[in-house]
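The file start-v9.cif contains mmCIF, C-alpha atoms:
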```
data_upload
#
loop_
_atom_site.group_PDB
_atom_site.id
_atom_site.type_symbol
_atom_site.label_atom_id
_atom_site.label_comp_id
_atom_site.auth_asym_id
_atom_site.auth_seq_id
_atom_site.Cartn_x
_atom_site.Cartn_y
_atom_site.Cartn_z
ATOM 1 C CA MET C 172 0.000 0.000 0.000
ATOM 2 C CA ASN C 173 1.429 3.395 -0.905
ATOM 3 C CA ARG C 174 1.843 5.020 2.497
ATOM 4 C CA THR C 175 2.015 8.563 1.082
ATOM 5 C CA VAL C 176 -1.352 8.168 -0.595
ATOM 6 C CA ILE C 177 -2.925 6.835 2.575
ATOM 7 C CA ILE C 178 -1.444 9.535 4.757
ATOM 8 C CA LEU C 179 -2.536 12.303 2.410
ATOM 9 C CA THR C 180 -6.080 11.075 2.349
ATOM 10 C CA LEU C 181 -6.259 10.446 6.081
ATOM 11 C CA LEU C 182 -6.535 14.139 6.542
ATOM 12 C CA PHE C 183 -9.876 14.026 4.806
ATOM 13 C CA PHE C 184 -11.325 10.844 6.278
ATOM 14 C CA LEU C 185 -12.507 12.341 9.535
ATOM 15 C CA ALA C 186 -16.197 11.573 9.620
ATOM 16 C CA GLY C 187 -17.961 10.302 12.672
ATOM 17 C CA CYS C 188 -15.727 11.688 15.390
ATOM 18 C CA GLY C 189 -17.063 13.736 18.250
ATOM 19 C CA SER C 190 -20.086 15.904 18.461
ATOM 20 C CA SER C 191 -20.526 18.722 15.987
ATOM 21 C CA ASP C 192 -21.438 21.291 18.649
ATOM 22 C CA LYS C 193 -17.893 21.079 20.045
ATOM 23 C CA ARG C 194 -16.170 21.693 16.705
ATOM 24 C CA SER C 195 -14.722 24.990 15.597
ATOM 25 C CA ASP C 196 -15.709 26.302 12.176
ATOM 26 C CA VAL C 197 -12.333 25.262 10.749
ATOM 27 C CA GLU C 198 -12.888 21.731 12.028
ATOM 28 C CA VAL C 199 -16.368 21.739 10.496
ATOM 29 C CA ALA C 200 -14.806 22.650 7.133
ATOM 30 C CA ILE C 201 -12.617 19.550 7.373
ATOM 31 C CA TYR C 202 -15.599 17.349 8.229
ATOM 32 C CA ILE C 203 -17.530 18.700 5.222
ATOM 33 C CA ALA C 204 -14.626 17.650 2.993
ATOM 34 C CA VAL C 205 -14.782 14.210 4.584
ATOM 35 C CA ASP C 206 -18.403 13.808 3.595
ATOM 36 C CA ALA C 207 -17.413 14.575 0.014
ATOM 37 C CA VAL C 208 -14.791 11.823 0.104
ATOM 38 C CA PHE C 209 -17.295 9.289 1.435
ATOM 39 C CA GLU C 210 -19.610 10.344 -1.392
ATOM 40 C CA LYS C 211 -16.620 9.940 -3.740
ATOM 41 C CA ASP C 212 -17.263 13.479 -4.960
ATOM 42 C CA ILE C 213 -13.716 14.589 -5.739
ATOM 43 C CA ASN C 214 -14.793 18.022 -7.021
ATOM 44 C CA LYS C 215 -16.646 18.798 -3.805
ATOM 45 C CA PHE C 216 -13.705 17.509 -1.786
ATOM 46 C CA MET C 217 -11.180 19.682 -3.605
ATOM 47 C CA LYS C 218 -13.019 22.841 -2.547
ATOM 48 C CA ILE C 219 -11.260 22.660 0.828
ATOM 49 C CA VAL C 220 -7.792 22.553 -0.751
ATOM 50 C CA SER C 221 -6.441 26.015 -1.516
ATOM 51 C CA GLU C 222 -5.181 26.901 -4.989
ATOM 52 C CA ASP C 223 -2.059 28.011 -3.077
ATOM 53 C CA TYR C 224 -1.600 24.624 -1.354
ATOM 54 C CA TYR C 225 2.038 23.662 -1.087
ATOM 55 C CA ASP C 226 3.403 21.317 1.565
ATOM 56 C CA ASN C 227 6.785 20.090 2.744
ATOM 57 C CA GLY C 228 6.609 17.266 0.189
ATOM 58 C CA GLU C 229 6.373 19.932 -2.531
ATOM 59 C CA ARG C 230 2.849 18.761 -3.356
ATOM 60 C CA THR C 231 0.353 21.144 -4.908
ATOM 61 C CA LYS C 232 -3.430 21.099 -5.159
ATOM 62 C CA THR C 233 -3.128 19.156 -8.425
ATOM 63 C CA ASP C 234 -0.924 16.564 -6.716
ATOM 64 C CA ILE C 235 -3.411 16.175 -3.869
ATOM 65 C CA ARG C 236 -6.274 15.668 -6.307
ATOM 66 C CA GLU C 237 -4.330 12.991 -8.167
ATOM 67 C CA LYS C 238 -3.347 11.157 -4.992
ATOM 68 C CA VAL C 239 -6.869 11.180 -3.587
ATOM 69 C CA GLU C 240 -8.279 9.919 -6.891
ATOM 70 C CA ILE C 241 -5.737 7.100 -6.897
ATOM 71 C CA TYR C 242 -6.628 6.260 -3.334
ATOM 72 C CA LEU C 243 -10.362 6.206 -3.975
ATOM 73 C CA ASN C 244 -9.936 4.008 -7.033
ATOM 74 C CA ARG C 245 -7.352 1.661 -5.587
ATOM 75 C CA PHE C 246 -7.731 1.003 -1.872
ATOM 76 C CA ARG C 247 -10.613 -0.418 0.077
ATOM 77 C CA GLY C 248 -11.103 -1.444 3.667
ATOM 78 C CA ILE C 249 -9.040 1.229 5.393
ATOM 79 C CA SER C 250 -10.308 1.952 8.888
ATOM 80 C CA VAL C 251 -9.684 5.553 9.943
ATOM 81 C CA ASN C 252 -10.217 6.807 13.469
ATOM 82 C CA ILE C 253 -9.719 10.375 14.607
ATOM 83 C CA LEU C 254 -8.259 10.186 18.062
ATOM 84 C CA ASN C 255 -8.148 13.902 18.730
ATOM 85 C CA ILE C 256 -8.733 17.066 16.734
ATOM 86 C CA LYS C 257 -8.498 20.621 17.960
ATOM 87 C CA THR C 258 -8.063 24.133 16.687
ATOM 88 C CA VAL C 259 -4.870 25.431 18.300
ATOM 89 C CA LYS C 260 -4.652 28.861 16.696
ATOM 90 C CA LYS C 261 -7.218 30.940 14.905
ATOM 91 C CA ASP C 262 -7.843 34.517 13.889
ATOM 92 C CA ASN C 263 -10.059 35.959 11.169
ATOM 93 C CA GLU C 264 -7.790 34.866 8.309
ATOM 94 C CA ASN C 265 -5.613 31.961 9.498
ATOM 95 C CA ALA C 266 -6.048 28.838 11.571
ATOM 96 C CA GLU C 267 -4.051 25.830 12.652
ATOM 97 C CA VAL C 268 -5.543 22.465 13.505
ATOM 98 C CA VAL C 269 -3.717 19.596 15.166
ATOM 99 C CA MET C 270 -5.119 16.109 15.064
ATOM 100 C CA GLU C 271 -4.032 12.596 15.782
ATOM 101 C CA VAL C 272 -5.320 9.843 13.544
ATOM 102 C CA ASN C 273 -5.185 6.071 13.720
ATOM 103 C CA PHE C 274 -5.498 3.936 10.641
ATOM 104 C CA SER C 275 -5.503 0.232 10.021
ATOM 105 C CA SER C 276 -6.861 -2.145 7.469
ATOM 106 C CA GLY C 277 -10.485 -3.058 8.003
ATOM 107 C CA ILE C 278 -9.526 -6.696 8.438
ATOM 108 C CA GLY C 279 -6.781 -5.666 10.862
ATOM 109 C CA LYS C 280 -9.320 -3.960 13.076
ATOM 110 C CA MET C 281 -11.495 -7.071 13.100
ATOM 111 C CA LEU C 282 -8.506 -9.245 13.966
ATOM 112 C CA SER C 283 -7.049 -6.857 16.562
ATOM 113 C CA LYS C 284 -8.099 -9.171 19.395
ATOM 114 C CA ILE C 285 -6.019 -11.974 17.936
ATOM 115 C CA VAL C 286 -2.949 -10.147 16.652
ATOM 116 C CA ARG C 287 -2.964 -7.295 19.195
ATOM 117 C CA SER C 288 -2.479 -4.675 16.532
ATOM 118 C CA TYR C 289 -3.823 -1.140 16.530
ATOM 119 C CA GLY C 290 -2.525 -0.014 13.143
ATOM 120 C CA GLU C 291 -0.509 3.173 12.845
ATOM 121 C CA THR C 292 -0.913 6.605 14.385
ATOM 122 C CA TYR C 293 -0.045 9.974 12.876
ATOM 123 C CA ARG C 294 -0.114 13.557 14.087
ATOM 124 C CA PHE C 295 -1.194 16.157 11.521
ATOM 125 C CA ASN C 296 -0.520 19.870 11.647
ATOM 126 C CA ILE C 297 -2.885 21.594 9.252
ATOM 127 C CA LYS C 298 -2.713 25.239 8.261
ATOM 128 C CA MET C 299 -5.822 26.849 6.883
ATOM 129 C CA VAL C 300 -6.666 30.237 5.412
ATOM 130 C CA ARG C 301 -10.005 31.956 5.087
ATOM 131 C CA LYS C 302 -10.800 32.954 1.523
ATOM 132 C CA ARG C 303 -14.115 34.412 0.447
ATOM 133 C CA ASP C 304 -15.664 33.461 3.783
ATOM 134 C CA LYS C 305 -14.625 29.788 3.705
ATOM 135 C CA TRP C 306 -11.712 27.872 5.191
ATOM 136 C CA GLU C 307 -9.192 26.151 2.918
ATOM 137 C CA VAL C 308 -6.207 23.914 3.673
ATOM 138 C CA ILE C 309 -3.013 25.584 2.540
ATOM 139 C CA ASP C 310 -0.499 23.194 4.139
ATOM 140 C CA ALA C 311 -0.598 19.828 5.886
ATOM 141 C CA ARG C 312 2.309 18.154 7.611
ATOM 142 C CA TRP C 313 2.279 14.825 9.366
ATOM 143 C CA GLU C 314 4.484 12.495 11.298
ATOM 144 C CA TRP C 315 4.161 8.979 12.600
ATOM 145 C CA VAL C 316 3.855 8.921 16.385
ATOM 146 C CA SER C 317 4.333 6.043 18.775
ATOM 147 C CA ILE C 318 1.874 5.164 21.520
ATOM 148 C CA ASP C 319 4.170 6.871 24.029
ATOM 149 C CA GLU C 320 4.003 10.137 22.062
ATOM 150 C CA LEU C 321 0.210 10.348 21.717
ATOM 151 C CA TYR C 322 -1.676 13.005 23.604
ATOM 152 C CA PRO C 323 -3.441 11.496 26.655
ATOM 153 C CA GLU C 324 -6.903 12.130 25.198
ATOM 154 C CA SER C 325 -5.870 10.330 21.987
ATOM 155 C CA LEU C 326 -4.534 7.360 23.894
ATOM 156 C CA LYS C 327 -7.835 7.094 25.763
ATOM 157 C CA VAL C 328 -9.774 6.899 22.470
ATOM 158 C CA LEU C 329 -7.316 4.381 21.028
ATOM 159 C CA ARG C 330 -7.763 2.159 24.100
ATOM 160 C CA GLU C 331 -11.533 2.322 23.640
ATOM 161 C CA LEU C 332 -11.210 1.364 19.972
ATOM 162 C CA PHE C 333 -8.803 -1.520 20.646
ATOM 163 C CA PRO C 334 -9.560 -2.641 24.222
ATOM 164 C CA ASN C 335 -7.781 -5.988 24.011
ATOM 165 C CA THR C 336 -4.597 -4.585 22.507
ATOM 166 C CA PHE C 337 -3.287 -2.620 25.481
#
```
Since I need it in another form, could you write the structure as structure tokens?
Amino acid sequence: MNRTVIILTLLFFLAGCGSSDKRSDVEVAIYIAVDAVFEKDINKFMKIVSEDYYDNGERTKTDIREKVEIYLNRFRGISVNILNIKTVKKDNENAEVVMEVNFSSGIGKMLSKIVRSYGETYRFNIKMVRKRDKWEVIDARWEWVSIDELYPESLKVLRELFPNTF
């Protein structure tokens, strides 16, 4: 499985986590993009990615579109769990969101009791800008994090998701 493709799309597979009344408007923008991915509506999804998107992997909006299309056409059965998402900085024009995400194969999640596996965890740092009264992702950076590096609230969710693993 192409790890870069999975990691890029993890950012946008955030549905079903937490209650919407606790989300900031920048977080809501991310969740709207997620719905588009689940609908496999790539055009709707791409509305959250800024024309000025450019990340540390030198990827542009065009690159993101291509990678997400490849992902949607190629991979199935990925289980994505948002462990924690929060807006850490926000003003009228810029925002930063930090989130921790767990992903595993769908079969891996079902077999977690037997193999004691919880998949992989990543921390994302997402920069967003407000353009024409909507939030857009302008940069996303991520890193793999070990269980010991997870935020306590993320570890709690992970333990609930995989109770027999820890």
Translate the PyMOL selection byres ((chain C and resi 235) around 10), as applied to the file shown, into an explicit residue set as a list in words.
-> Val176, Leu179, Thr180, Met217, Val220, Tyr224, Tyr225, Arg230, Thr231, Lys232, Thr233, Asp234, Arg236, Glu237, Lys238, Val239, Glu240 and Ile241 of chain C
Quick one: write out the picked residues with C-alpha atoms as a compact mmCIF listing (two decimals), in the frame of the given file?
```txt
# COMPACT_ATOMS: atom_id res chain seq x y z
CA VAL C 176 -1.35 8.17 -0.60
CA LEU C 179 -2.54 12.30 2.41
CA THR C 180 -6.08 11.08 2.35
CA MET C 217 -11.18 19.68 -3.60
CA VAL C 220 -7.79 22.55 -0.75
CA TYR C 224 -1.60 24.62 -1.35
CA TYR C 225 2.04 23.66 -1.09
CA ARG C 230 2.85 18.76 -3.36
CA THR C 231 0.35 21.14 -4.91
CA LYS C 232 -3.43 21.10 -5.16
CA THR C 233 -3.13 19.16 -8.43
CA ASP C 234 -0.92 16.56 -6.72
CA ARG C 236 -6.27 15.67 -6.31
CA GLU C 237 -4.33 12.99 -8.17
CA LYS C 238 -3.35 11.16 -4.99
CA VAL C 239 -6.87 11.18 -3.59
CA GLU C 240 -8.28 9.92 -6.89
CA ILE C 241 -5.74 7.10 -6.90
```
Shell of 7 Å around C:Val269, all atoms listed in the file, local chain residues under 4 positions omitted, as a compact mmCIF listing (two decimals) with C-alpha atoms, keeping the file's coordinate frame:
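Once written, out.txt looks like this:
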```
# COMPACT_ATOMS: atom_id res chain seq x y z
CA ILE C 256 -8.73 17.07 16.73
CA LYS C 257 -8.50 20.62 17.96
CA THR C 258 -8.06 24.13 16.69
CA VAL C 259 -4.87 25.43 18.30
CA PHE C 295 -1.19 16.16 11.52
CA ASN C 296 -0.52 19.87 11.65
CA ILE C 297 -2.88 21.59 9.25
```
Two-atom distance - atom CA of C:Val316, atom CA of C:Asn273 (Å) |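 Result for atom CA of C:Val316 versus atom CA of C:Asn273: 9.8 Å, one decimal.
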Mind checking which residues fall within 12 Å of C:Val268, counting only C-alpha atoms, ignoring those fewer than 4 positions away in the same chain, and posting them as a PyMOL selection string?
-> chain C and resi 182+194-201+255-261+294-300+306-313
In terms of all atoms listed in the file, the residue from C:Asn335, C:Asn227, C:Tyr242, C:Thr292 at minimal distance from C:Leu254 is C:Thr292
Measure the distance from atom CA of C:Glu267 to atom CA of C:Ala207 in Å and round it to one decimal.
-> 21.6 Å
Determine, counting all atoms listed in the file, which protein, DNA and RNA residues have an atom within 10 Å of an atom of stretch 317-328 of chain C; residues of the same chain fewer than 2 positions away are not included. Present the result as an mmCIF file with C-alpha atoms, in the frame of the given file.
```
data_model
loop_
_atom_site.group_PDB
_atom_site.id
_atom_site.type_symbol
_atom_site.label_atom_id
_atom_site.label_comp_id
_atom_site.auth_asym_id
_atom_site.auth_seq_id
_atom_site.Cartn_x
_atom_site.Cartn_y
_atom_site.Cartn_z
ATOM 1 C CA ASN C 252 -10.217 6.807 13.469
ATOM 2 C CA ILE C 253 -9.719 10.375 14.607
ATOM 3 C CA LEU C 254 -8.259 10.186 18.062
ATOM 4 C CA ASN C 255 -8.148 13.902 18.730
ATOM 5 C CA ILE C 256 -8.733 17.066 16.734
ATOM 6 C CA MET C 270 -5.119 16.109 15.064
ATOM 7 C CA GLU C 271 -4.032 12.596 15.782
ATOM 8 C CA VAL C 272 -5.320 9.843 13.544
ATOM 9 C CA ASN C 273 -5.185 6.071 13.720
ATOM 10 C CA TYR C 289 -3.823 -1.140 16.530
ATOM 11 C CA GLU C 291 -0.509 3.173 12.845
ATOM 12 C CA THR C 292 -0.913 6.605 14.385
ATOM 13 C CA TYR C 293 -0.045 9.974 12.876
ATOM 14 C CA ARG C 294 -0.114 13.557 14.087
ATOM 15 C CA GLU C 314 4.484 12.495 11.298
ATOM 16 C CA TRP C 315 4.161 8.979 12.600
ATOM 17 C CA ARG C 330 -7.763 2.159 24.100
ATOM 18 C CA GLU C 331 -11.533 2.322 23.640
ATOM 19 C CA LEU C 332 -11.210 1.364 19.972
ATOM 20 C CA PHE C 333 -8.803 -1.520 20.646
ATOM 21 C CA PRO C 334 -9.560 -2.641 24.222
#
```
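In this model, the gap between atom CA of C:Asn244 and atom CA of C:Ser221 comes to 23.0 Å.
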Nearest candidate to C:Lys218 (options C:Thr336, C:Ala266, C:Lys302, C:Leu329; using all atoms listed in the file) =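 Result for the nearest residue to C:Lys218: C:Lys302.
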